[in-house]
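Peer 1: Contents of target.json (JSON, C-alpha atoms and all ligand atoms) are given next:
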[["chain", "number", "residue", "atom", "x", "y", "z"],
["O", 1, "MET", "CA", 87.87, 86.37, 86.12],
["O", 2, "LYS", "CA", 89.02, 82.81, 86.70],
["O", 3, "PHE", "CA", 89.87, 80.56, 83.79],
["O", 4, "ASP", "CA", 90.13, 76.79, 83.88],
["O", 5, "ILE", "CA", 93.45, 75.89, 82.24],
["O", 6, "THR", "CA", 93.13, 72.10, 82.61],
["O", 7, "ASP", "CA", 93.14, 71.67, 78.83],
["O", 8, "ILE", "CA", 96.42, 73.48, 78.21],
["O", 9, "LYS", "CA", 98.23, 72.43, 81.39],
["O", 10, "LYS", "CA", 99.23, 69.01, 80.08],
["O", 11, "GLU", "CA", 101.08, 70.20, 77.03],
["O", 12, "SER", "CA", 103.72, 72.88, 76.62],
["O", 13, "GLY", "CA", 102.83, 75.17, 73.73],
["O", 14, "ALA", "CA", 99.09, 74.59, 74.08],
["O", 15, "VAL", "CA", 96.93, 77.69, 73.62],
["O", 16, "MET", "CA", 93.39, 78.48, 74.72],
["O", 17, "GLU", "CA", 91.23, 81.46, 73.92],
["O", 18, "ILE", "CA", 89.67, 83.42, 76.72],
["O", 19, "ARG", "CA", 86.88, 85.94, 76.89],
["O", 20, "TYR", "CA", 85.39, 87.74, 79.86],
["O", 21, "GLN", "CA", 82.59, 90.24, 79.78],
["O", 22, "GLY", "CA", 81.31, 91.33, 83.14],
["O", 23, "PRO", "CA", 81.86, 93.59, 86.09],
["O", 24, "LEU", "CA", 85.28, 94.53, 87.28],
["O", 25, "VAL", "CA", 86.13, 92.90, 90.58],
["O", 26, "GLN", "CA", 87.29, 95.31, 93.34],
["O", 27, "ASP", "CA", 86.51, 98.46, 91.42],
["O", 28, "ASP", "CA", 86.72, 100.39, 94.69],
["O", 29, "LEU", "CA", 90.50, 100.28, 94.29],
["O", 30, "TYR", "CA", 90.31, 103.58, 92.51],
["O", 31, "ASP", "CA", 89.67, 106.67, 94.59],
["O", 32, "MET", "CA", 88.25, 109.20, 92.20],
["O", 33, "ILE", "CA", 87.27, 106.92, 89.36],
["O", 34, "SER", "CA", 84.66, 104.23, 89.09],
["O", 35, "VAL", "CA", 84.12, 101.49, 86.56],
["O", 36, "LYS", "CA", 80.41, 100.75, 86.49],
["O", 37, "ASP", "CA", 79.98, 99.21, 83.05],
["O", 38, "ASP", "CA", 81.10, 95.73, 82.16],
["O", 39, "VAL", "CA", 84.71, 95.30, 81.13],
["O", 40, "LEU", "CA", 85.73, 93.14, 78.19],
["O", 41, "ILE", "CA", 88.80, 90.93, 78.10],
["O", 42, "GLU", "CA", 89.73, 88.92, 75.02],
["O", 43, "GLY", "CA", 92.92, 87.04, 74.39],
["O", 44, "THR", "CA", 94.81, 83.81, 74.81],
["O", 45, "LEU", "CA", 96.51, 81.83, 77.55],
["O", 46, "THR", "CA", 99.55, 79.88, 76.41],
["O", 47, "ASN", "CA", 101.33, 77.11, 78.25],
["O", 48, "GLN", "CA", 104.99, 78.10, 78.09],
["O", 49, "GLY", "CA", 106.26, 75.19, 80.15],
["O", 50, "GLU", "CA", 107.22, 76.89, 83.39],
["O", 51, "GLU", "CA", 104.66, 79.63, 83.04],
["O", 52, "ILE", "CA", 101.28, 80.49, 81.61],
["O", 53, "PHE", "CA", 101.40, 83.52, 79.36],
["O", 54, "LEU", "CA", 98.45, 85.86, 78.95],
["O", 55, "SER", "CA", 98.18, 87.92, 75.79],
["O", 56, "GLY", "CA", 95.06, 89.97, 75.39],
["O", 57, "VAL", "CA", 93.16, 93.20, 75.23],
["O", 58, "LEU", "CA", 91.16, 94.83, 78.00],
["O", 59, "LYS", "CA", 88.47, 97.38, 77.22],
["O", 60, "LEU", "CA", 86.73, 99.44, 79.84],
["O", 61, "THR", "CA", 84.78, 102.62, 80.39],
["O", 62, "TYR", "CA", 85.41, 104.67, 83.50],
["O", 63, "THR", "CA", 83.83, 107.76, 84.96],
["O", 64, "GLY", "CA", 85.05, 110.40, 87.34],
["O", 65, "GLN", "CA", 85.07, 114.13, 87.95],
["O", 66, "CYS", "CA", 87.25, 116.70, 86.24],
["O", 67, "ALA", "CA", 89.92, 117.69, 88.79],
["O", 68, "ARG", "CA", 89.49, 121.36, 87.88],
["O", 69, "CYS", "CA", 85.78, 121.98, 87.19],
["O", 70, "LEU", "CA", 84.19, 118.85, 88.76],
["O", 71, "LYS", "CA", 82.23, 118.04, 85.61],
["O", 72, "PRO", "CA", 81.54, 114.31, 85.13],
["O", 73, "VAL", "CA", 83.95, 112.75, 82.68],
["O", 74, "THR", "CA", 83.53, 109.39, 80.93],
["O", 75, "ARG", "CA", 86.41, 107.77, 79.08],
["O", 76, "THR", "CA", 86.99, 104.52, 77.26],
["O", 77, "MET", "CA", 90.35, 102.81, 77.56],
["O", 78, "THR", "CA", 91.90, 99.87, 75.71],
["O", 79, "LEU", "CA", 94.90, 98.17, 77.29],
["O", 80, "GLN", "CA", 97.22, 95.48, 76.03],
["O", 81, "LEU", "CA", 97.73, 92.66, 78.52],
["O", 82, "ASN", "CA", 100.97, 90.73, 78.42],
["O", 83, "GLU", "CA", 101.42, 88.91, 81.71],
["O", 84, "ARG", "CA", 103.01, 85.77, 83.08],
["O", 85, "PHE", "CA", 101.59, 83.41, 85.68],
["O", 86, "SER", "CA", 103.41, 80.74, 87.60],
["O", 87, "SER", "CA", 102.36, 78.06, 90.09],
["O", 88, "ARG", "CA", 105.85, 77.96, 91.60],
["O", 89, "ASP", "CA", 107.29, 80.22, 94.23],
["O", 90, "THR", "CA", 109.24, 82.95, 92.56],
["O", 91, "ASP", "CA", 110.97, 86.19, 93.53],
["O", 92, "ASP", "CA", 110.07, 87.69, 90.19],
["O", 93, "ASP", "CA", 107.63, 90.53, 90.86],
["O", 94, "ASP", "CA", 106.46, 90.51, 87.27],
["O", 95, "VAL", "CA", 104.99, 87.04, 87.63],
["O", 96, "TYR", "CA", 101.53, 86.50, 89.09],
["O", 97, "PRO", "CA", 100.87, 83.37, 91.11],
["O", 98, "TYR", "CA", 98.20, 80.80, 90.31],
["O", 99, "GLU", "CA", 97.16, 77.60, 92.02],
["O", 100, "GLY", "CA", 95.75, 74.35, 90.73],
["O", 101, "ASN", "CA", 93.96, 74.49, 87.41],
["O", 102, "PHE", "CA", 92.76, 78.07, 87.56],
["O", 103, "VAL", "CA", 94.34, 81.35, 86.52],
["O", 104, "ASP", "CA", 92.65, 84.36, 88.09],
["O", 105, "LEU", "CA", 93.09, 87.60, 86.16],
["O", 106, "THR", "CA", 91.60, 89.88, 88.82],
["O", 107, "LYS", "CA", 94.86, 91.23, 90.22],
["O", 108, "THR", "CA", 96.66, 91.65, 86.95],
["O", 109, "VAL", "CA", 93.67, 93.45, 85.46],
["O", 110, "ASN", "CA", 93.43, 95.82, 88.42],
["O", 111, "ASP", "CA", 97.19, 96.47, 88.35],
["O", 112, "ASN", "CA", 97.09, 97.28, 84.64],
["O", 113, "ILE", "CA", 94.18, 99.68, 85.10],
["O", 114, "ILE", "CA", 95.80, 101.55, 87.99],
["O", 115, "VAL", "CA", 98.98, 102.12, 86.01],
["O", 116, "ALA", "CA", 97.05, 103.34, 82.96],
["O", 117, "LEU", "CA", 94.64, 105.73, 84.67],
["O", 118, "PRO", "CA", 95.50, 109.43, 84.48],
["O", 119, "VAL", "CA", 96.95, 110.94, 87.64],
["O", 120, "ARG", "CA", 94.52, 113.84, 87.26],
["O", 121, "LEU", "CA", 91.34, 113.37, 85.31],
["O", 122, "LEU", "CA", 90.50, 116.47, 83.25],
["O", 123, "CYS", "CA", 87.47, 117.14, 81.03],
["O", 124, "SER", "CA", 89.95, 118.79, 78.67],
["O", 125, "GLU", "CA", 93.54, 119.96, 78.85],
["O", 126, "GLN", "CA", 92.23, 123.48, 78.32],
["O", 127, "CYS", "CA", 89.72, 123.32, 81.19],
["O", 128, "LYS", "CA", 89.74, 126.67, 82.99],
["O", 129, "GLY", "CA", 88.33, 125.23, 86.19],
["O", 130, "LEU", "CA", 86.30, 127.06, 88.79],
["O", 131, "CYS", "CA", 86.95, 130.60, 90.02],
["O", 132, "PRO", "CA", 88.65, 130.25, 93.42],
["O", 133, "VAL", "CA", 86.66, 133.22, 94.72],
["O", 134, "CYS", "CA", 83.06, 132.82, 93.52],
["O", 135, "GLY", "CA", 83.15, 129.22, 92.31],
["O", 136, "LYS", "CA", 81.83, 129.97, 88.85],
["O", 137, "ASN", "CA", 82.74, 127.50, 86.11],
["O", 138, "LEU", "CA", 85.11, 129.60, 84.00],
["O", 139, "ASN", "CA", 84.55, 127.38, 80.95],
["O", 140, "GLN", "CA", 81.10, 128.97, 80.76],
["O", 141, "GLY", "CA", 82.42, 132.53, 80.77],
["O", 142, "SER", "CA", 84.34, 134.80, 83.10],
["O", 143, "CYS", "CA", 82.99, 136.03, 86.41],
["O", 144, "GLN", "CA", 82.84, 139.42, 88.08],
["O", 145, "CYS", "CA", 85.78, 138.80, 90.38],
["O", 146, "ARG", "CA", 88.61, 141.19, 89.70],
["O", 147, "PRO", "CA", 91.48, 139.82, 87.65],
["O", 148, "GLU", "CA", 94.39, 138.70, 89.75],
["O", 149, "GLN", "CA", 98.05, 138.24, 89.20],
["O", 150, "GLU", "CA", 99.37, 134.72, 89.07],
["O", 151, "ASP", "CA", 101.40, 134.99, 92.28],
["O", 152, "LYS", "CA", 98.38, 136.21, 94.23],
["O", 153, "LYS", "CA", 96.32, 133.31, 92.98],
["O", 154, "GLN", "CA", 99.07, 131.00, 94.14],
["O", 155, "GLU", "CA", 98.98, 132.50, 97.60],
["O", 156, "LYS", "CA", 95.24, 131.95, 97.86],
["O", 157, "THR", "CA", 95.36, 128.28, 97.02],
["O", 158, "GLU", "CA", 98.29, 127.59, 99.28],
["O", 159, "ASN", "CA", 97.20, 129.68, 102.21],
["O", 160, "PRO", "CA", 93.59, 129.33, 103.33],
["O", 161, "PHE", "CA", 93.77, 132.77, 104.96],
["O", 162, "GLY", "CA", 94.91, 134.37, 101.73],
["O", 163, "ILE", "CA", 91.34, 135.19, 100.81],
["O", 164, "LEU", "CA", 90.66, 136.77, 104.22],
["O", 165, "LYS", "CA", 93.85, 138.79, 104.12],
["O", 166, "ASP", "CA", 92.85, 140.12, 100.76],
["O", 167, "TYR", "CA", 89.42, 140.96, 102.05],
["O", 168, "PHE", "CA", 90.64, 142.94, 105.05],
["O", 169, "SER", "CA", 93.18, 144.92, 103.10],
["O", 170, "HIS", "CA", 90.38, 146.65, 101.18],
["T", 201, "ZN", "ZN", 87.02, 120.55, 83.65],
["T", 202, "ZN", "ZN", 84.75, 134.59, 90.40]]
The structure given in the file should be rewritten as C-alpha cells.
Ligand SMILES: [Zn+2]
Ligand SMILES: [Zn+2]
Peer 2:
Amino acid sequence: MKFDITDIKKESGAVMEIRYQGPLVQDDLYDMISVKDDVLIEGTLTNQGEEIFLSGVLKLTYTGQCARCLKPVTRTMTLQLNERFSSRDTDDDDVYPYEGNFVDLTKTVNDNIIVALPVRLLCSEQCKGLCPVCGKNLNQGSCQCRPEQEDKKQEKTENPFGILKDYFSH
C-alpha cells in the first residue's frame, strides 16, 4: 500500500489520485476476524505544504464467528479515510510518518479497521445463542433443558461449578 508521491511533492496544493485493490497487509492483527478478500482503497493524496493529506474510501469484507452461536458471519464495511502524513518529527499522534517519496497506507488502514470493527460480532442482534447446558443452537428451536431463571443462568456462566452444583442438588 505504498504510493509514490514524487509528482505532488514539489508543489503545495498538488493532488494525485490513488487506487489500491489487493490483500490487506497484516490481517492477523484481528483476533476473531479475518479479511481474506481483497480490499479496495480509492481516493486522493494532496500536498498541503507541511503534510500530505489522504482523503478516500476503504471497502472491505470480513468474516468471523457469531459471539453467541458461533455461526460464520460475513460483513462488508465502507470506511472514510481522512488522514495526515508528515515527513517531519512530530508529537502529534494523529499524524502518520512517511519517509522519502513514498507514503505507506498500511498502518493507517489497519488502525481505521480496528476502530471500526464491532467489539462483539453477532449474526443478528436477536441471536439467541447456544443453550449453556446442551449446546443446542436456540435460533433453530428450543431444547429439552428445563427453563431457568435469569439469576441461575448467570451463576452458571460465572461459576464453572454451577452446573455441577445444580446436578447434585437433584
Ligand atoms: Zn448468532
Ligand atoms: Zn439445552
Peer 1: Return as a PDB file with C-alpha atoms, in the frame of the given file the residues of protein, DNA or RNA that approach ligand ZN 201 (chain T) to within 7 Å, with all atoms listed in the file taken into account.
Peer 2:
ATOM      1  CA  CYS O  66      87.250 116.700  86.240  1.00  0.00           C
ATOM      2  CA  ALA O  67      89.920 117.690  88.790  1.00  0.00           C
ATOM      3  CA  ARG O  68      89.490 121.360  87.880  1.00  0.00           C
ATOM      4  CA  CYS O  69      85.780 121.980  87.190  1.00  0.00           C
ATOM      5  CA  LEU O  70      84.190 118.850  88.760  1.00  0.00           C
ATOM      6  CA  LYS O  71      82.230 118.040  85.610  1.00  0.00           C
ATOM      7  CA  LEU O 122      90.500 116.470  83.250  1.00  0.00           C
ATOM      8  CA  CYS O 123      87.470 117.140  81.030  1.00  0.00           C
ATOM      9  CA  SER O 124      89.950 118.790  78.670  1.00  0.00           C
ATOM     10  CA  CYS O 127      89.720 123.320  81.190  1.00  0.00           C
ATOM     11  CA  LYS O 128      89.740 126.670  82.990  1.00  0.00           C
ATOM     12  CA  GLY O 129      88.330 125.230  86.190  1.00  0.00           C
TER      13      GLY O 129
END
Peer 1: Could you check how far atom CA of Met32 of chain O sits from atom CA of Leu130 of chain O, in Å to one decimal?
Peer 2: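 Straight-line distance from atom CA of Met32 of chain O to atom CA of Leu130 of chain O works out to 18.3 Å.
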Peer 1: Using Å and a single decimal, report how far atom CA of Gly141 of chain O sits from atom CA of Gln126 of chain O.
Peer 2: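 Distance reported for this atom pair: 13.6 Å.
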Peer 1: Using only C-alpha atoms and a cutoff of 6 Å, can you tell me which residues are near (96.7, 92.6, 74.1) in the file's coordinates, and write them out as a PyMOL selection string?
Peer 2: chain O and resi 55-57+80-81
Peer 1: Around ligand ZN 202 (chain T), at most 6 Å away and counting all atoms listed in the file, which residues are there? Put them as a ChimeraX atom specification, please.
Peer 2: /O:131,133-136,143-145
Peer 1: Using all atoms listed in the file, pick whichever of O:Arg88, O:Gln65, O:Gly22, O:Thr74 has the shortest atom-to-atom distance to Ile52 of chain O.
Peer 2: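 Smallest separation from Ile52 of chain O among the options: O:Arg88.
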Peer 1: Quick check, in Å to one decimal: how far apart do atom CA of Asp104 of chain O and atom CA of Val15 of chain O lie?
Peer 2: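 Atom CA of Asp104 of chain O sits 16.5 Å away from atom CA of Val15 of chain O.
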Peer 1: Within 9 Å of Thr76 of chain O, counting only C-alpha atoms, which residues show up once you throw out same-chain ones fewer than 5 positions away? Write them as a list of chain:residue names, please.
Peer 2: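 What passes the distance filter is O:Lys59, O:Leu60, O:Thr61, O:Tyr62, O:Thr63.
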Peer 1: Nearest residue to Tyr96 of chain O out of O:Leu117, O:Leu54, O:Leu40, O:Met77, using all atoms listed in the file?
Peer 2: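 Smallest separation from Tyr96 of chain O among the options: O:Leu54.
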Peer 1: For Ile114 of chain O, which of O:Lys10, O:Asp31, O:Glu42, O:Tyr20 is the closest residue, counting only C-alpha atoms?
Peer 2: O:Asp31
Peer 1: With all atoms listed in the file as the counted atoms, please give the residues lying no more than 8 Å from segment 2-9 of chain O, apart from itself and same-chain residues fewer than 5 positions off, as an MDAnalysis selection string.
Peer 2: chainID O and resid 14:16 18 46:47 101:106
Peer 1: Padding of 4 Å on every side, edges along x, y and z, all listed atoms of segment 90-99 of chain O included: what centre and edge lengths in Å, to one decimal, does that box have, as lines of an AutoDock Vina configuration file?
Peer 2:
center_x = 104.1
center_y = 84.1
center_z = 90.4
size_x = 21.8
size_y = 20.9
size_z = 14.3
Peer 1: Could N, CA and C atoms be built for segment 59-88 of chain O and written out as a PDB file, in the frame of the given file?
Peer 2:
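Wrote result.pdb, looks like this:
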ATOM      1  N   LYS O  59      89.180  96.147  77.544  1.00  0.00           N
ATOM      2  CA  LYS O  59      88.470  97.380  77.220  1.00  0.00           C
ATOM      3  C   LYS O  59      87.572  97.758  78.384  1.00  0.00           C
ATOM      4  N   LEU O  60      87.614  99.007  78.770  1.00  0.00           N
ATOM      5  CA  LEU O  60      86.730  99.440  79.840  1.00  0.00           C
ATOM      6  C   LEU O  60      86.342 100.896  79.694  1.00  0.00           C
ATOM      7  N   THR O  61      85.251 101.243  80.346  1.00  0.00           N
ATOM      8  CA  THR O  61      84.780 102.620  80.390  1.00  0.00           C
ATOM      9  C   THR O  61      84.774 103.049  81.845  1.00  0.00           C
ATOM     10  N   TYR O  62      85.386 104.194  82.112  1.00  0.00           N
ATOM     11  CA  TYR O  62      85.410 104.670  83.500  1.00  0.00           C
ATOM     12  C   TYR O  62      84.852 106.074  83.577  1.00  0.00           C
ATOM     13  N   THR O  63      84.362 106.420  84.742  1.00  0.00           N
ATOM     14  CA  THR O  63      83.830 107.760  84.960  1.00  0.00           C
ATOM     15  C   THR O  63      84.441 108.368  86.208  1.00  0.00           C
ATOM     16  N   GLY O  64      84.518 109.682  86.189  1.00  0.00           N
ATOM     17  CA  GLY O  64      85.050 110.400  87.340  1.00  0.00           C
ATOM     18  C   GLY O  64      84.694 111.868  87.191  1.00  0.00           C
ATOM     19  N   GLN O  65      85.312 112.691  88.008  1.00  0.00           N
ATOM     20  CA  GLN O  65      85.070 114.130  87.950  1.00  0.00           C
ATOM     21  C   GLN O  65      86.316 114.846  87.473  1.00  0.00           C
ATOM     22  N   CYS O  66      86.134 115.866  86.659  1.00  0.00           N
ATOM     23  CA  CYS O  66      87.250 116.700  86.240  1.00  0.00           C
ATOM     24  C   CYS O  66      87.897 117.297  87.502  1.00  0.00           C
ATOM     25  N   ALA O  67      89.216 117.195  87.603  1.00  0.00           N
ATOM     26  CA  ALA O  67      89.920 117.690  88.790  1.00  0.00           C
ATOM     27  C   ALA O  67      89.850 119.204  88.911  1.00  0.00           C
ATOM     28  N   ARG O  68      89.540 119.895  87.823  1.00  0.00           N
ATOM     29  CA  ARG O  68      89.490 121.360  87.880  1.00  0.00           C
ATOM     30  C   ARG O  68      88.063 121.903  88.002  1.00  0.00           C
ATOM     31  N   CYS O  69      87.120 121.387  87.189  1.00  0.00           N
ATOM     32  CA  CYS O  69      85.780 121.980  87.190  1.00  0.00           C
ATOM     33  C   CYS O  69      84.711 121.052  87.764  1.00  0.00           C
ATOM     34  N   LEU O  70      85.080 119.825  88.122  1.00  0.00           N
ATOM     35  CA  LEU O  70      84.190 118.850  88.760  1.00  0.00           C
ATOM     36  C   LEU O  70      83.111 118.273  87.836  1.00  0.00           C
ATOM     37  N   LYS O  71      83.189 118.602  86.559  1.00  0.00           N
ATOM     38  CA  LYS O  71      82.230 118.040  85.610  1.00  0.00           C
ATOM     39  C   LYS O  71      82.448 116.528  85.480  1.00  0.00           C
ATOM     40  N   PRO O  72      81.358 115.753  85.338  1.00  0.00           N
ATOM     41  CA  PRO O  72      81.540 114.310  85.130  1.00  0.00           C
ATOM     42  C   PRO O  72      82.260 114.027  83.816  1.00  0.00           C
ATOM     43  N   VAL O  73      83.175 113.107  83.862  1.00  0.00           N
ATOM     44  CA  VAL O  73      83.950 112.750  82.680  1.00  0.00           C
ATOM     45  C   VAL O  73      83.851 111.239  82.484  1.00  0.00           C
ATOM     46  N   THR O  74      83.573 110.815  81.255  1.00  0.00           N
ATOM     47  CA  THR O  74      83.530 109.390  80.930  1.00  0.00           C
ATOM     48  C   THR O  74      84.547 109.114  79.844  1.00  0.00           C
ATOM     49  N   ARG O  75      85.365 108.093  80.061  1.00  0.00           N
ATOM     50  CA  ARG O  75      86.410 107.770  79.080  1.00  0.00           C
ATOM     51  C   ARG O  75      86.420 106.279  78.819  1.00  0.00           C
ATOM     52  N   THR O  76      86.807 105.921  77.618  1.00  0.00           N
ATOM     53  CA  THR O  76      86.990 104.520  77.260  1.00  0.00           C
ATOM     54  C   THR O  76      88.482 104.266  77.101  1.00  0.00           C
ATOM     55  N   MET O  77      88.916 103.099  77.556  1.00  0.00           N
ATOM     56  CA  MET O  77      90.350 102.810  77.560  1.00  0.00           C
ATOM     57  C   MET O  77      90.543 101.387  77.035  1.00  0.00           C
ATOM     58  N   THR O  78      91.545 101.206  76.197  1.00  0.00           N
ATOM     59  CA  THR O  78      91.900  99.870  75.710  1.00  0.00           C
ATOM     60  C   THR O  78      93.339  99.586  76.100  1.00  0.00           C
ATOM     61  N   LEU O  79      93.551  98.503  76.803  1.00  0.00           N
ATOM     62  CA  LEU O  79      94.900  98.170  77.290  1.00  0.00           C
ATOM     63  C   LEU O  79      95.350  96.829  76.737  1.00  0.00           C
ATOM     64  N   GLN O  80      96.620  96.752  76.411  1.00  0.00           N
ATOM     65  CA  GLN O  80      97.220  95.480  76.030  1.00  0.00           C
ATOM     66  C   GLN O  80      97.636  94.740  77.291  1.00  0.00           C
ATOM     67  N   LEU O  81      97.316  93.470  77.362  1.00  0.00           N
ATOM     68  CA  LEU O  81      97.730  92.660  78.520  1.00  0.00           C
ATOM     69  C   LEU O  81      98.771  91.657  78.062  1.00  0.00           C
ATOM     70  N   ASN O  82      99.927  91.722  78.665  1.00  0.00           N
ATOM     71  CA  ASN O  82     100.970  90.730  78.420  1.00  0.00           C
ATOM     72  C   ASN O  82     101.531  90.349  79.779  1.00  0.00           C
ATOM     73  N   GLU O  83     101.061  89.251  80.326  1.00  0.00           N
ATOM     74  CA  GLU O  83     101.420  88.910  81.710  1.00  0.00           C
ATOM     75  C   GLU O  83     101.762  87.436  81.832  1.00  0.00           C
ATOM     76  N   ARG O  84     102.591  87.157  82.837  1.00  0.00           N
ATOM     77  CA  ARG O  84     103.010  85.770  83.080  1.00  0.00           C
ATOM     78  C   ARG O  84     102.471  85.299  84.427  1.00  0.00           C
ATOM     79  N   PHE O  85     102.103  84.043  84.452  1.00  0.00           N
ATOM     80  CA  PHE O  85     101.590  83.410  85.680  1.00  0.00           C
ATOM     81  C   PHE O  85     102.400  82.149  85.957  1.00  0.00           C
ATOM     82  N   SER O  86     102.670  81.935  87.245  1.00  0.00           N
ATOM     83  CA  SER O  86     103.410  80.740  87.600  1.00  0.00           C
ATOM     84  C   SER O  86     102.810  80.102  88.845  1.00  0.00           C
ATOM     85  N   SER O  87     102.874  78.767  88.906  1.00  0.00           N
ATOM     86  CA  SER O  87     102.360  78.060  90.090  1.00  0.00           C
ATOM     87  C   SER O  87     103.495  77.786  91.072  1.00  0.00           C
ATOM     88  N   ARG O  88     104.709  78.158  90.705  1.00  0.00           N
ATOM     89  CA  ARG O  88     105.850  77.960  91.600  1.00  0.00           C
ATOM     90  C   ARG O  88     106.160  79.227  92.373  1.00  0.00           C
TER      91      ARG O  88
END
